[in-house]
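Quick look at final33.pdb (PDB, C-alpha atoms, pLDDT in the B column):
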ATOM      1  CA  MET A 128      18.498  26.886 163.304  1.00 94.00           C
ATOM      2  CA  ILE A 129      19.388  23.505 161.877  1.00 95.00           C
ATOM      3  CA  LEU A 130      20.850  20.639 163.879  1.00 96.00           C
ATOM      4  CA  SER A 131      21.814  17.436 162.092  1.00 96.00           C
ATOM      5  CA  VAL A 132      21.504  14.139 163.933  1.00 96.00           C
ATOM      6  CA  PRO A 133      25.215  13.304 163.366  1.00 94.00           C
ATOM      7  CA  GLU A 134      26.130  16.461 165.351  1.00 94.00           C
ATOM      8  CA  GLY A 135      24.741  14.928 168.544  1.00 95.00           C
ATOM      9  CA  ASP A 136      21.918  15.587 170.970  1.00 96.00           C
ATOM     10  CA  ASP A 137      24.249  17.456 173.348  1.00 96.00           C
ATOM     11  CA  LYS A 138      24.431  20.644 171.226  1.00 95.00           C
ATOM     12  CA  PRO A 139      22.025  22.555 173.521  1.00 96.00           C
ATOM     13  CA  LEU A 140      24.445  21.935 176.388  1.00 95.00           C
ATOM     14  CA  LYS A 141      27.400  23.287 174.388  1.00 95.00           C
ATOM     15  CA  TYR A 142      25.648  26.242 172.725  1.00 95.00           C
ATOM     16  CA  PRO A 143      22.646  27.211 174.872  1.00 96.00           C
ATOM     17  CA  LEU A 144      22.342  30.747 173.501  1.00 96.00           C
ATOM     18  CA  MET A 145      21.615  29.522 169.969  1.00 95.00           C
ATOM     19  CA  PHE A 146      18.721  27.415 171.217  1.00 96.00           C
ATOM     20  CA  SER A 147      17.329  30.028 173.567  1.00 96.00           C
ATOM     21  CA  ILE A 148      16.943  32.808 170.967  1.00 96.00           C
ATOM     22  CA  CYS A 149      15.690  31.048 167.851  1.00 95.00           C
ATOM     23  CA  ASP A 150      12.039  30.545 166.915  1.00 95.00           C
ATOM     24  CA  ALA A 151      12.470  27.138 165.319  1.00 97.00           C
ATOM     25  CA  LEU A 152      14.790  24.172 165.364  1.00 98.00           C
ATOM     26  CA  VAL A 153      15.037  21.880 162.368  1.00 98.00           C
ATOM     27  CA  VAL A 154      16.440  18.512 163.380  1.00 98.00           C
ATOM     28  CA  ASN A 155      17.751  17.238 160.061  1.00 96.00           C
ATOM     29  CA  LYS A 156      18.935  13.825 158.926  1.00 96.00           C
ATOM     30  CA  THR A 157      16.441  11.975 161.107  1.00 96.00           C
ATOM     31  CA  ASP A 158      16.978   8.998 158.814  1.00 93.00           C
ATOM     32  CA  TYR A 159      20.244   8.512 160.767  1.00 93.00           C
ATOM     33  CA  LEU A 160      18.464   8.110 164.118  1.00 93.00           C
ATOM     34  CA  GLU A 161      18.246   4.328 163.975  1.00 91.00           C
ATOM     35  CA  GLY A 162      21.989   3.837 163.604  1.00 88.00           C
ATOM     36  CA  SER A 163      23.050   6.405 166.175  1.00 93.00           C
ATOM     37  CA  ASP A 164      22.930   7.076 169.900  1.00 95.00           C
ATOM     38  CA  PHE A 165      21.134  10.387 169.300  1.00 96.00           C
ATOM     39  CA  ASP A 166      18.281  10.652 171.808  1.00 96.00           C
ATOM     40  CA  LEU A 167      15.495  12.750 170.300  1.00 96.00           C
ATOM     41  CA  PRO A 168      13.357  12.940 173.481  1.00 97.00           C
ATOM     42  CA  VAL A 169      16.408  14.108 175.447  1.00 97.00           C
ATOM     43  CA  LEU A 170      17.150  16.748 172.812  1.00 97.00           C
ATOM     44  CA  ARG A 171      13.554  18.000 172.944  1.00 97.00           C
ATOM     45  CA  GLU A 172      13.714  18.227 176.746  1.00 97.00           C
ATOM     46  CA  ARG A 173      17.019  20.115 176.727  1.00 97.00           C
ATOM     47  CA  VAL A 174      15.819  22.563 174.081  1.00 97.00           C
ATOM     48  CA  ARG A 175      12.450  23.195 175.759  1.00 97.00           C
ATOM     49  CA  LYS A 176      14.217  24.013 179.052  1.00 97.00           C
ATOM     50  CA  LEU A 177      16.115  26.741 177.205  1.00 97.00           C
ATOM     51  CA  ASN A 178      13.217  27.897 175.058  1.00 97.00           C
ATOM     52  CA  PRO A 179       9.712  26.645 175.899  1.00 97.00           C
ATOM     53  CA  ASP A 180       8.168  28.362 172.860  1.00 97.00           C
ATOM     54  CA  ILE A 181      10.519  26.951 170.217  1.00 97.00           C
ATOM     55  CA  ARG A 182       9.014  24.998 167.333  1.00 97.00           C
ATOM     56  CA  ILE A 183      10.852  21.751 166.668  1.00 98.00           C
ATOM     57  CA  PHE A 184      10.675  20.144 163.240  1.00 98.00           C
ATOM     58  CA  GLU A 185      12.092  16.682 162.691  1.00 97.00           C
ATOM     59  CA  VAL A 186      12.998  16.297 159.031  1.00 97.00           C
ATOM     60  CA  SER A 187      14.839  14.087 156.615  1.00 95.00           C
ATOM     61  CA  CYS A 188      15.859  15.628 153.334  1.00 90.00           C
ATOM     62  CA  LYS A 189      16.614  12.107 152.141  1.00 92.00           C
ATOM     63  CA  THR A 190      13.094  10.751 152.700  1.00 93.00           C
ATOM     64  CA  GLY A 191      11.132  14.024 152.751  1.00 94.00           C
ATOM     65  CA  GLN A 192       9.683  13.254 156.189  1.00 95.00           C
ATOM     66  CA  GLY A 193       8.718  16.434 158.039  1.00 96.00           C
ATOM     67  CA  ILE A 194       9.535  18.820 155.188  1.00 97.00           C
ATOM     68  CA  ASP A 195       5.881  19.787 154.600  1.00 96.00           C
ATOM     69  CA  ALA A 196       5.298  20.793 158.219  1.00 97.00           C
ATOM     70  CA  TRP A 197       8.468  22.861 158.289  1.00 96.00           C
ATOM     71  CA  THR A 198       7.811  24.629 154.974  1.00 96.00           C
ATOM     72  CA  GLN A 199       4.191  25.372 155.934  1.00 97.00           C
ATOM     73  CA  TRP A 200       5.372  26.966 159.182  1.00 96.00           C
ATOM     74  CA  LEU A 201       8.047  28.907 157.302  1.00 95.00           C
ATOM     75  CA  ALA A 202       5.519  30.183 154.738  1.00 96.00           C
ATOM     76  CA  GLY A 203       3.286  31.355 157.595  1.00 94.00           C
ATOM     77  CA  GLU A 204       6.181  33.230 159.177  1.00 93.00           C
ATOM     78  CA  ILE A 205       6.934  34.923 155.864  1.00 94.00           C
ATOM     79  CA  ARG A 206       3.286  35.965 155.481  1.00 92.00           C
ATOM     80  CA  THR A 207       3.341  37.405 159.007  1.00 90.00           C
ATOM     81  CA  VAL A 208       6.407  39.510 158.249  1.00 90.00           C
ATOM     82  CA  GLN A 209       5.030  40.671 154.877  1.00 91.00           C
ATOM     83  CA  ASN A 210       1.589  41.506 156.258  1.00 85.00           C
ATOM     84  CA  PRO A 211       1.981  42.596 159.901  1.00 80.00           C
ATOM     85  CA  SER A 212      -1.185  43.164 161.941  1.00 74.00           C
ATOM     86  CA  PRO A 213      -2.014  46.790 162.759  1.00 69.00           C
TER      87      PRO A 213
END

The structure given in the file should be rewritten as structure tokens.
Amino acid sequence: MILSVPEGDDKPLKYPLMFSICDALVVNKTDYLEGSDFDLPVLRERVRKLNPDIRIFEVSCKTGQGIDAWTQWLAGEIRTVQNPSP
């Protein structure tokens, strides 16, 4: 799932099911962090309480930060689905 910084770090409190069943969380628009009250460590803690195995990717489509890590993970997931182990 994708969560944009302007949406707030309290989303896991409002919609816990979404965070507990997804494999990955993309925190987008991290370039807005400096000018906001969004608390990234608090978000990580809230999400990990709901889903300890979730992968969290912090990205900025504006700067490109974090995009490579997310797309590499995504490509690996696609390969796994296309070529399942026996």

Could you check which of A:Ser212, A:Thr207, A:Ser147, A:Ser131 is closest to Asn178 (chain A), using all atoms listed in the file?
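Once distances to Asn178 (chain A) are computed over all atoms listed in the file, the minimum belongs to A:Ser147.
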
Given the file shown, enumerate the residues that the PyMOL selection byres ((chain A and resi 194) around 12) captures and present them as number ranges by chain.
A: 153-157, 183-193, 195-201

Output of the PyMOL selection byres ((chain A and resi 136) around 12), listed as number ranges by chain
A: 130-135, 137-142, 154-155, 157, 160, 163-174

Could you jot down the CA of Asp180 (chain A) to CA of Leu152 (chain A) separation for me, Å, one decimal place?
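Separation between CA of Asp180 (chain A) and CA of Leu152 (chain A): 10.8 Å.
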
Two-atom distance - CA of Ile129 (chain A), CA of Arg182 (chain A) (Å)
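CA of Arg182 (chain A) lies at a distance of 11.8 Å from CA of Ile129 (chain A).
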
Just give me the gap between CA of Cys149 (chain A) and CA of Asn210 (chain A) in Å, one decimal is fine.
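Answer for the CA of Cys149 (chain A) to CA of Asn210 (chain A) separation: 21.0 Å.
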